[in-house]
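Content type TSV, C-alpha atoms, from the file coords.tsv:
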chain	number	residue	atom	x	y	z
A	18	MET	CA	13.28	-3.13	32.38
A	19	ASN	CA	14.69	0.24	31.17
A	20	CYS	CA	13.54	1.97	27.99
A	21	PRO	CA	16.37	1.90	25.37
A	22	TYR	CA	15.57	5.51	24.41
A	23	CYS	CA	14.96	7.45	27.67
A	24	HIS	CA	16.45	4.73	29.96
A	25	GLN	CA	13.60	5.12	32.48
A	26	GLU	CA	12.20	2.04	34.18
A	27	THR	CA	9.01	0.69	32.61
A	28	GLU	CA	6.94	-2.50	32.74
A	29	ASP	CA	8.75	-5.63	31.55
A	30	ALA	CA	6.00	-6.67	29.15
A	31	ALA	CA	5.22	-3.17	27.85
A	32	ALA	CA	5.24	-2.64	24.06
A	33	PHE	CA	5.65	1.12	24.50
A	34	CYS	CA	7.61	3.10	27.12
A	35	THR	CA	5.27	4.51	29.77
A	36	ARG	CA	7.57	7.51	30.10
A	37	CYS	CA	8.45	8.64	26.54
A	38	GLY	CA	5.78	6.62	24.67
A	39	ARG	CA	8.21	5.17	22.11
A	40	TYR	CA	8.00	1.64	20.74
A	41	ILE	CA	10.35	-0.75	22.59
A	42	PRO	CA	12.25	-2.86	20.02
A	43	ARG	CA	12.62	-6.56	20.80
A	44	CYS	CA	14.23	-9.57	19.15
A	45	PRO	CA	11.51	-11.19	16.95
A	46	THR	CA	12.65	-14.66	18.09
A	47	CYS	CA	13.44	-14.54	21.82
A	48	GLY	CA	11.80	-11.20	22.80
A	49	LYS	CA	14.99	-9.67	24.28
A	50	VAL	CA	14.86	-5.86	24.42
A	51	ILE	CA	17.29	-4.35	21.86
A	52	THR	CA	19.20	-1.39	23.35
A	53	ALA	CA	21.74	-0.59	20.62
A	54	ARG	CA	22.09	-0.48	16.85
A	55	ILE	CA	23.29	-4.04	16.30
A	56	ALA	CA	22.86	-6.50	13.44
A	57	PHE	CA	22.25	-9.67	15.51
A	58	CYS	CA	20.51	-10.46	18.80
A	59	THR	CA	23.10	-10.91	21.57
A	60	ARG	CA	21.03	-13.69	23.14
A	61	ASP	CA	20.21	-16.08	20.25
A	62	GLY	CA	21.98	-14.53	17.23
A	63	THR	CA	18.78	-13.75	15.30
A	64	PRO	CA	19.43	-11.20	12.45
A	65	LEU	CA	17.69	-7.92	13.30
A	66	PRO	CA	15.93	-5.79	10.63
A	67	GLU	CA	17.61	-2.43	10.04
A	68	GLU	CA	14.35	-0.50	10.57
A	69	LEU	CA	14.01	-2.08	14.05
A	70	THR	CA	17.29	-0.58	15.35
A	71	ARG	CA	17.90	2.44	13.14
A	72	ASP	CA	16.81	4.98	15.82
A	73	LEU	CA	18.89	3.32	18.59
A	74	PRO	CA	22.37	4.54	19.61
A	75	GLU	CA	25.55	2.92	18.31
A	76	ALA	CA	26.58	-0.16	20.32
A	77	GLU	CA	29.91	1.36	21.46
A	78	ASN	CA	28.21	4.43	22.97
A	79	THR	CA	25.34	2.63	24.71
A	80	ALA	CA	27.11	1.95	28.05
A	81	ALA	CA	28.32	5.54	28.42
A	82	GLU	CA	24.94	7.01	27.52
A	83	MET	CA	23.10	4.71	29.95
A	84	SER	CA	25.50	5.69	32.75
A	85	GLU	CA	24.94	9.38	32.00
A	86	GLN	CA	21.14	8.99	31.84
A	87	GLN	CA	21.04	6.94	35.06
A	88	SER	CA	23.04	9.57	36.91
A	89	ALA	CA	20.55	12.32	35.96
A	90	PRO	CA	17.84	11.32	38.46
A	91	ARG	CA	20.38	11.40	41.32
A	92	LYS	CA	21.31	14.97	40.41
A	93	SER	CA	17.64	15.89	40.20
A	94	GLY	CA	17.03	14.24	43.58
A	95	GLY	CA	19.80	16.31	45.20
A	96	THR	CA	18.34	19.51	43.82
A	97	MET	CA	14.92	18.54	45.14
A	98	ALA	CA	16.30	17.96	48.63
A	99	VAL	CA	17.86	21.43	48.67
A	100	LEU	CA	14.57	22.94	47.53
A	101	ILE	CA	12.61	21.14	50.25
A	102	VAL	CA	15.00	22.41	52.94
A	103	ALA	CA	14.67	25.94	51.54
A	104	ILE	CA	10.87	25.64	51.61
A	105	VAL	CA	10.89	24.51	55.24
A	106	ILE	CA	13.10	27.44	56.23
A	107	VAL	CA	10.92	29.93	54.34
A	108	VAL	CA	7.75	28.53	55.92
A	109	ALA	CA	9.27	28.69	59.38
A	110	LEU	CA	10.29	32.32	58.86
A	111	VAL	CA	6.83	33.20	57.56
A	112	VAL	CA	5.13	31.51	60.56
A	113	ALA	CA	7.42	33.34	62.97
A	114	ALA	CA	6.70	36.65	61.24
A	115	VAL	CA	2.93	36.03	61.35
A	116	LEU	CA	3.05	35.12	65.00
A	117	TRP	CA	5.05	38.21	65.74
A	118	THR	CA	2.57	40.35	63.76
A	119	GLN	CA	-0.34	38.70	65.61
A	120	GLY	CA	1.18	39.66	68.89
A	121	MET	CA	1.61	43.24	67.70
A	122	LEU	CA	-1.84	43.70	66.16
A	123	GLY	CA	-3.89	41.41	68.42
A	124	GLN	CA	-5.22	39.12	65.65
A	125	SER	CA	-7.37	36.12	66.58
A	126	ASP	CA	-6.00	32.55	66.45
A	127	ASP	CA	-8.38	31.58	63.59
A	128	GLU	CA	-7.20	34.45	61.41
A	129	VAL	CA	-3.56	33.57	62.07
A	130	VAL	CA	-4.07	29.88	61.14
A	131	GLU	CA	-5.91	30.78	57.91
A	132	GLU	CA	-3.20	33.26	56.88
A	133	ASN	CA	-0.43	30.76	57.67
A	134	GLN	CA	-2.10	28.06	55.51
A	135	THR	CA	-2.53	30.44	52.57
A	136	THR	CA	1.11	31.51	52.78
A	137	ILE	CA	2.38	27.92	52.97
A	138	VAL	CA	0.39	26.90	49.87
A	139	GLU	CA	1.67	29.86	47.86
A	140	GLU	CA	5.29	29.37	48.92
A	141	THR	CA	5.14	25.62	48.20
A	142	ALA	CA	3.72	26.04	44.67
A	143	GLU	CA	6.58	28.23	43.43
A	144	PRO	CA	9.45	25.80	44.18
A	145	GLU	CA	7.50	22.95	42.47
A	146	ALA	CA	7.35	25.02	39.30
A	147	ASP	CA	11.08	25.71	39.58
A	148	SER	CA	11.73	22.00	40.11
A	149	GLU	CA	9.83	21.17	36.93
A	150	ALA	CA	11.93	23.68	34.98
A	151	ASP	CA	15.17	22.27	36.46
A	152	THR	CA	14.36	18.73	35.33
A	153	GLY	CA	13.75	19.94	31.76
A	154	GLU	CA	10.18	18.54	31.61
A	155	SER	CA	7.65	20.37	29.44
A	156	ALA	CA	4.67	21.89	31.27
A	157	ASP	CA	2.63	21.97	28.03
A	158	PRO	CA	0.48	18.79	27.76
A	159	ASP	CA	-0.25	19.51	24.07
A	160	GLU	CA	3.47	19.19	23.23
A	161	THR	CA	3.66	15.82	24.99
A	162	LEU	CA	0.62	14.51	23.10
A	163	ALA	CA	2.05	15.77	19.79
A	164	ASP	CA	5.36	13.98	20.45
A	165	GLU	CA	3.58	10.72	21.28
A	166	ALA	CA	1.44	10.98	18.12
A	167	GLU	CA	4.58	11.55	16.01
A	168	ASP	CA	6.25	8.48	17.54
A	169	GLU	CA	3.18	6.33	16.80
A	170	LYS	CA	3.13	7.64	13.22
A	171	GLU	CA	6.77	6.63	12.72
A	172	ILE	CA	6.01	3.11	13.98
A	173	GLU	CA	3.04	2.77	11.60
A	174	GLN	CA	5.17	3.89	8.64
A	175	VAL	CA	7.44	0.88	9.14
A	176	GLU	CA	4.58	-1.53	8.41
A	177	GLN	CA	4.31	-2.53	4.74
A	178	ILE	CA	0.87	-2.42	3.12
A	179	ASP	CA	-0.46	-5.04	0.71
A	180	ILE	CA	-0.47	-3.67	-2.85
A	181	ALA	CA	-0.71	-7.02	-4.66
A	182	LEU	CA	-2.24	-6.55	-8.13
A	183	THR	CA	-5.03	-8.81	-9.41
A	184	THR	CA	-2.88	-10.04	-12.32
A	185	ASP	CA	0.65	-9.68	-13.70
A	186	GLN	CA	-0.36	-9.76	-17.40
A	187	LEU	CA	-3.43	-8.29	-19.06
A	188	THR	CA	-4.84	-7.99	-22.58
A	189	ILE	CA	-7.64	-5.47	-22.98
A	190	ASN	CA	-9.39	-3.51	-25.72
A	191	VAL	CA	-9.40	0.28	-26.07
A	192	GLY	CA	-12.09	1.91	-23.94
A	193	MET	CA	-12.51	-1.03	-21.58
A	194	THR	CA	-11.85	-0.99	-17.83
A	195	TYR	CA	-10.39	-3.51	-15.37
A	196	GLN	CA	-10.06	-3.56	-11.56
A	197	ILE	CA	-6.28	-3.98	-11.35
A	198	ILE	CA	-5.89	-3.70	-7.54
A	199	GLY	CA	-8.38	-4.88	-4.95
A	200	ALA	CA	-7.25	-3.06	-1.78
A	201	ASN	CA	-5.24	-0.01	-0.64
A	202	ALA	CA	-5.68	1.58	-4.08
A	203	ASP	CA	-5.77	5.07	-2.57
A	204	GLN	CA	-2.34	4.59	-0.96
A	205	VAL	CA	-0.33	3.81	-4.11
A	206	SER	CA	1.10	5.88	-6.96
A	207	TRP	CA	1.48	4.66	-10.56
A	208	THR	CA	4.22	4.92	-13.18
A	209	TYR	CA	4.14	3.60	-16.75
A	210	SER	CA	6.94	2.40	-19.04
A	211	GLU	CA	4.96	3.81	-21.97
A	212	PRO	CA	2.73	6.69	-20.76
A	213	GLY	CA	-0.63	7.39	-22.33
A	214	ILE	CA	-1.63	3.79	-23.12
A	215	VAL	CA	-3.52	3.08	-19.87
A	216	GLU	CA	-4.46	5.01	-16.75
A	217	VAL	CA	-5.32	3.83	-13.21
A	218	ASP	CA	-7.56	6.00	-11.01
A	219	GLY	CA	-7.64	6.35	-7.21
A	220	SER	CA	-10.04	3.43	-6.84
A	221	GLY	CA	-7.68	1.01	-8.63
A	222	GLN	CA	-9.65	0.83	-11.89
A	223	LEU	CA	-7.53	0.64	-15.05
A	224	THR	CA	-8.82	2.21	-18.30
A	225	ALA	CA	-7.36	1.37	-21.74
A	226	LEU	CA	-6.75	4.64	-23.61
A	227	THR	CA	-4.99	3.59	-26.83
A	228	THR	CA	-3.36	0.56	-28.46
A	229	GLY	CA	0.11	-0.53	-27.39
A	230	THR	CA	2.00	-2.33	-24.64
A	231	THR	CA	3.11	-0.84	-21.33
A	232	VAL	CA	4.21	-1.94	-17.86
A	233	ALA	CA	2.26	-0.24	-15.05
A	234	THR	CA	4.01	-0.19	-11.66
A	235	ALA	CA	2.25	0.50	-8.36
A	236	THR	CA	4.40	1.95	-5.53
A	237	GLY	CA	3.27	2.00	-1.89
A	238	PRO	CA	4.10	4.64	0.74
A	239	ASN	CA	7.10	2.66	2.03
A	240	GLY	CA	8.55	1.80	-1.39
A	241	GLU	CA	6.91	-1.61	-1.94
A	242	THR	CA	6.08	-2.25	-5.63
A	243	ASP	CA	4.12	-4.56	-7.93
A	244	SER	CA	3.83	-4.46	-11.74
A	245	VAL	CA	1.54	-5.62	-14.53
A	246	GLU	CA	2.28	-5.89	-18.27
A	247	ILE	CA	-0.69	-4.63	-20.29
A	248	THR	CA	-1.42	-5.12	-24.01
A	249	VAL	CA	-4.18	-2.88	-25.35
A	250	LEU	CA	-5.90	-3.94	-28.58
A	251	ALA	CA	-8.18	-1.86	-30.74
A	252	ALA	CA	-11.92	-2.44	-30.42
A	253	GLU	CA	-13.84	-4.09	-33.29
A	254	THR	CA	-14.85	-1.23	-35.64
A	255	GLU	CA	-15.85	-0.89	-39.30
A	256	GLU	CA	-12.69	1.08	-40.03
A	257	THR	CA	-10.27	-1.50	-38.61
A	258	ALA	CA	-12.05	-4.32	-40.41
A	259	GLU	CA	-11.70	-2.52	-43.75
A	260	THR	CA	-7.99	-1.93	-43.06
A	261	GLU	CA	-7.42	-5.63	-42.41
A	262	GLU	CA	-9.26	-6.66	-45.55
A	263	GLN	CA	-7.04	-4.37	-47.63
A	264	GLU	CA	-3.87	-5.88	-46.17
A	265	GLU	CA	-4.96	-9.54	-46.58
A	266	PRO	CA	-4.26	-11.27	-49.95
A	267	GLU	CA	-7.16	-11.57	-52.37
A	268	SER	CA	-8.87	-14.94	-52.48
A	269	THR	CA	-11.33	-16.69	-54.77
A	270	GLU	CA	-13.73	-17.52	-51.91
A	271	ASP	CA	-15.04	-15.39	-49.04
A	272	THR	CA	-13.74	-17.84	-46.45
A	273	ASP	CA	-10.35	-18.38	-48.09
A	274	VAL	CA	-7.48	-16.50	-46.38
A	275	ASP	CA	-3.81	-16.70	-47.39
A	276	GLY	CA	-4.72	-19.37	-49.96
A	277	ALA	CA	-6.05	-21.88	-47.40
A	278	ASP	CA	-9.62	-23.29	-47.32
A	279	VAL	CA	-11.29	-22.40	-44.04
A	280	ASP	CA	-14.18	-24.45	-42.67
A	281	LEU	CA	-16.20	-22.15	-40.44
A	282	SER	CA	-19.42	-24.16	-40.48
A	283	GLY	CA	-19.05	-25.62	-36.97
A	284	ASP	CA	-20.47	-24.03	-33.83
A	285	TYR	CA	-17.02	-23.12	-32.44
A	286	LEU	CA	-13.61	-22.71	-34.05
A	287	LEU	CA	-11.86	-23.50	-30.71
A	288	PRO	CA	-14.56	-25.16	-28.56
A	289	GLU	CA	-12.38	-25.50	-25.45
A	290	SER	CA	-10.84	-22.02	-25.36
A	291	SER	CA	-12.94	-21.15	-22.29
A	292	SER	CA	-12.35	-24.35	-20.30
A	293	ARG	CA	-8.63	-25.17	-20.60
A	294	TYR	CA	-5.26	-23.70	-21.57
A	295	LEU	CA	-4.56	-24.00	-25.30
A	296	SER	CA	-1.08	-24.79	-26.60
A	297	GLU	CA	0.71	-22.94	-29.37
A	298	SER	CA	0.80	-26.11	-31.45
A	299	GLU	CA	-3.02	-26.03	-31.60
A	300	LEU	CA	-2.82	-22.66	-33.37
A	301	TYR	CA	-0.41	-23.78	-36.10
A	302	GLY	CA	-2.03	-23.46	-39.52
A	303	LEU	CA	-4.65	-20.92	-38.45
A	304	THR	CA	-5.00	-18.05	-40.92
A	305	ALA	CA	-5.35	-14.37	-40.03
A	306	LEU	CA	-9.15	-14.58	-40.31
A	307	GLU	CA	-9.29	-17.74	-38.20
A	308	CYS	CA	-7.16	-16.09	-35.51
A	309	ARG	CA	-9.51	-13.11	-35.47
A	310	ILE	CA	-12.51	-15.39	-35.12
A	311	ALA	CA	-10.83	-17.52	-32.42
A	312	ARG	CA	-9.94	-14.43	-30.42
A	313	ASN	CA	-13.38	-12.79	-30.78
A	314	GLU	CA	-15.10	-16.10	-30.10
A	315	ILE	CA	-14.09	-15.70	-26.44
A	316	TYR	CA	-15.75	-12.28	-26.35
A	317	ALA	CA	-18.82	-13.58	-28.17
A	318	ARG	CA	-19.39	-16.24	-25.49
A	319	HIS	CA	-20.01	-13.38	-23.05
A	320	GLY	CA	-22.45	-11.54	-25.36
A	321	MET	CA	-20.31	-8.73	-26.79
A	322	ILE	CA	-22.04	-6.92	-29.69
A	323	PHE	CA	-19.61	-6.58	-32.62
A	324	THR	CA	-19.42	-3.48	-34.84
A	325	THR	CA	-17.96	-5.02	-38.03
A	326	ASP	CA	-20.26	-6.63	-40.57
A	327	GLU	CA	-17.87	-9.57	-40.88
A	328	MET	CA	-18.01	-10.48	-37.17
A	329	LYS	CA	-21.73	-9.65	-36.92
A	330	GLU	CA	-22.52	-12.01	-39.81
A	331	TYR	CA	-20.28	-14.81	-38.59
A	332	PHE	CA	-21.40	-14.92	-34.96
A	333	GLY	CA	-24.99	-14.05	-35.90
A	334	SER	CA	-25.12	-17.39	-37.71
A	335	LYS	CA	-24.32	-19.31	-34.51
A	336	SER	CA	-27.28	-20.57	-32.47
A	337	TRP	CA	-25.44	-20.10	-29.19
A	338	TYR	CA	-24.57	-16.40	-29.72
A	339	GLN	CA	-26.64	-13.76	-27.92
A	340	GLY	CA	-25.35	-10.16	-28.33
A	341	THR	CA	-26.27	-8.27	-25.15
A	342	VAL	CA	-23.31	-5.97	-24.29
A	343	GLU	CA	-22.11	-3.04	-26.41
A	344	SER	CA	-18.38	-3.25	-27.17
A	345	ALA	CA	-17.74	0.09	-25.43
A	346	ASP	CA	-19.36	-1.23	-22.22
A	347	PHE	CA	-17.76	-4.68	-22.28
A	348	ASP	CA	-15.70	-5.50	-19.15
A	349	ILE	CA	-13.08	-8.23	-19.49
A	350	SER	CA	-13.35	-8.99	-15.78
A	351	VAL	CA	-15.98	-11.55	-16.87
A	352	PHE	CA	-13.20	-13.70	-18.40
A	353	ASN	CA	-11.87	-16.67	-16.46
A	354	GLU	CA	-8.18	-17.56	-16.21
A	355	TYR	CA	-8.29	-19.85	-19.26
A	356	GLU	CA	-9.90	-17.21	-21.47
A	357	LEU	CA	-7.41	-14.49	-20.48
A	358	ALA	CA	-4.45	-16.81	-21.08
A	359	ASN	CA	-5.80	-18.04	-24.43
A	360	ILE	CA	-6.41	-14.48	-25.70
A	361	GLU	CA	-2.78	-13.65	-24.90
A	362	LEU	CA	-1.62	-16.85	-26.64
A	363	ILE	CA	-3.59	-16.00	-29.82
A	364	VAL	CA	-2.28	-12.40	-29.81
A	365	ALA	CA	1.30	-13.68	-29.47
A	366	TYR	CA	0.75	-16.14	-32.35
A	367	GLU	CA	-0.66	-13.33	-34.54
A	368	LYS	CA	2.45	-11.26	-33.84
A	369	GLU	CA	4.68	-14.20	-34.66
A	370	MET	CA	2.87	-14.74	-37.99
A	371	ASN	CA	2.80	-10.98	-38.75
A	372	TYR	CA	-1.01	-11.03	-38.93
A	373	ASN	CA	-2.86	-7.73	-38.62
A	374	GLN	CA	-4.08	-7.35	-35.01
A	375	ALA	CA	-6.05	-4.13	-35.33
A	376	ASN	CA	-9.24	-5.89	-34.17
Any chance you could put this one into structure tokens?
Amino acid sequence: MNCPYCHQETEDAAAFCTRCGRYIPRCPTCGKVITARIAFCTRDGTPLPEELTRDLPEAENTAAEMSEQQSAPRKSGGTMAVLIVAIVIVVALVVAAVLWTQGMLGQSDDEVVEENQTTIVEETAEPEADSEADTGESADPDETLADEAEDEKEIEQVEQIDIALTTDQLTINVGMTYQIIGANADQVSWTYSEPGIVEVDGSGQLTALTTGTTVATATGPNGETDSVEITVLAAETEETAETEEQEEPESTEDTDVDGADVDLSGDYLLPESSSRYLSESELYGLTALECRIARNEIYARHGMIFTTDEMKEYFGSKSWYQGTVESADFDISVFNEYELANIELIVAYEKEMNYNQAN
């Protein structure tokens, strides 16, 4: 088998040319060596990826280039033969001269033999160096190693890395963090449709900076991408609770919102919000306060400590609630798939009903 790049003979099963070190492209179906920039395998018709053949010569020039490359060794061989003949002649002349000198000066046979051997070695070394220069081969081993390393680097660049994100939609509170990518985080760059809302560091950890919605896109070194839509909500604070109370209509009872009687005496407002997907129809009729409680109920199950008196009082009255995690330290990675989906559903319903979503 001949290498499609340098056209020198190499092993049939070799993945890389033993002469130039380049990767030998083959048909992914039948294994036929690809020698030209073609779109389909000439043996079985398999479509060939562009990156597999992009460094190969055009198909119409392949035959001419192969003929030219194959003729090069014959020329080099002819030059070598001439050099060998020249070496033999030079050696013979040197031996004759030494013998003649020996006869004139009376040197011993041992001295003559030693001198002849030294001369032959020196004369033979020079033509070999010339031969190497004639064939165009580099005498610097460092250059050869550098070229091989560059070829291997190009081959590695073709391989796509896995930059799959851990989710494609995310709802998170300001100040919280989330591991958005599990592997190869240090090999991707990030862009945001709305900058300043979130930020992802080199370890793949996302931090919510301010409220809003943005699409974060991860891009790998070879152009592969993956995106996640992120909604950042404000954390529960005294200030946001007071703002919501001012915007809600006045009522005659503490638990009456928008004129509807709210029964909050049960253990849970939405008991199954952590074990199954809720439907939008199950949210119909919920008031702004009930939506807030339903949303924060999911956080309360995981022990988040609330900062508003309203939420503290409500969840403090429930026997199941144990506040163990400060809101600034709460990590939503503890949520399961049902809880994440149901939080997003409640947020969407609040937007649809024009309820205040500050907390």
Tell me which protein, DNA and RNA residues are within 7 Å of Ile189 (chain A), counting all atoms listed in the file, leaving out same-chain ones fewer than 3 positions away, and put them as a VMD selection string.
chain A and resid 193 225 248 to 250
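Across the model, the gap from CA of Pro45 (chain A) to CA of Thr59 (chain A) is 12.5 Å.
Of the listed residues A:Ala163, A:Val364, A:Val205, A:Ala113, the one whose atoms come nearest to Gln177 (chain A) is A:Val205, with distances taken using all atoms listed in the file.
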I want to know what sits within 7 Å of Leu182 (chain A), based on only C-alpha atoms, with residues of the same chain fewer than 6 positions away left out; could you give that as a PyMOL selection string?
chain A and resi 197-198+243
Contacts of Val50 (chain A) at 9 Å (all atoms listed in the file; same-chain gap of 2+ positions) as a PyMOL selection string
chain A and resi 18+20-21+41-44+48+52
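CA of Thr304 (chain A) is found 21.4 Å from CA of Thr324 (chain A).
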List the spatial neighbours of Glu314 (chain A) as a list of chain:residue names - criterion: any atom at most 8 Å away, only C-alpha atoms, same-chain residues fewer than 3 positions off excluded.
A:Tyr285, A:Leu286, A:Ile310, A:Ala311, A:Ala317, A:Arg318
How far is it from CA of Cys23 (chain A) to CA of Ala98 (chain A), in Å with one decimal?
23.5 Å
Non-local contacts of Asn190 (chain A) (12 Å; only C-alpha atoms; under 2 positions in same chain excluded) as a PyMOL selection string
chain A and resi 187-188+192-195+214-215+223-230+247-254+312-313+316+344-349+360+374-376
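Shortest atom-to-atom contact with Ala305 (chain A) among A:Glu367, A:Asp164, A:Val115, A:Gly237: A:Glu367, counting all atoms listed in the file.
Minimum atom-to-atom distances from A:Asp284, A:Arg309, A:Ala202, A:Ala32 to Ser334 (chain A) were compared using only C-alpha atoms, and the lowest value belongs to A:Asp284.
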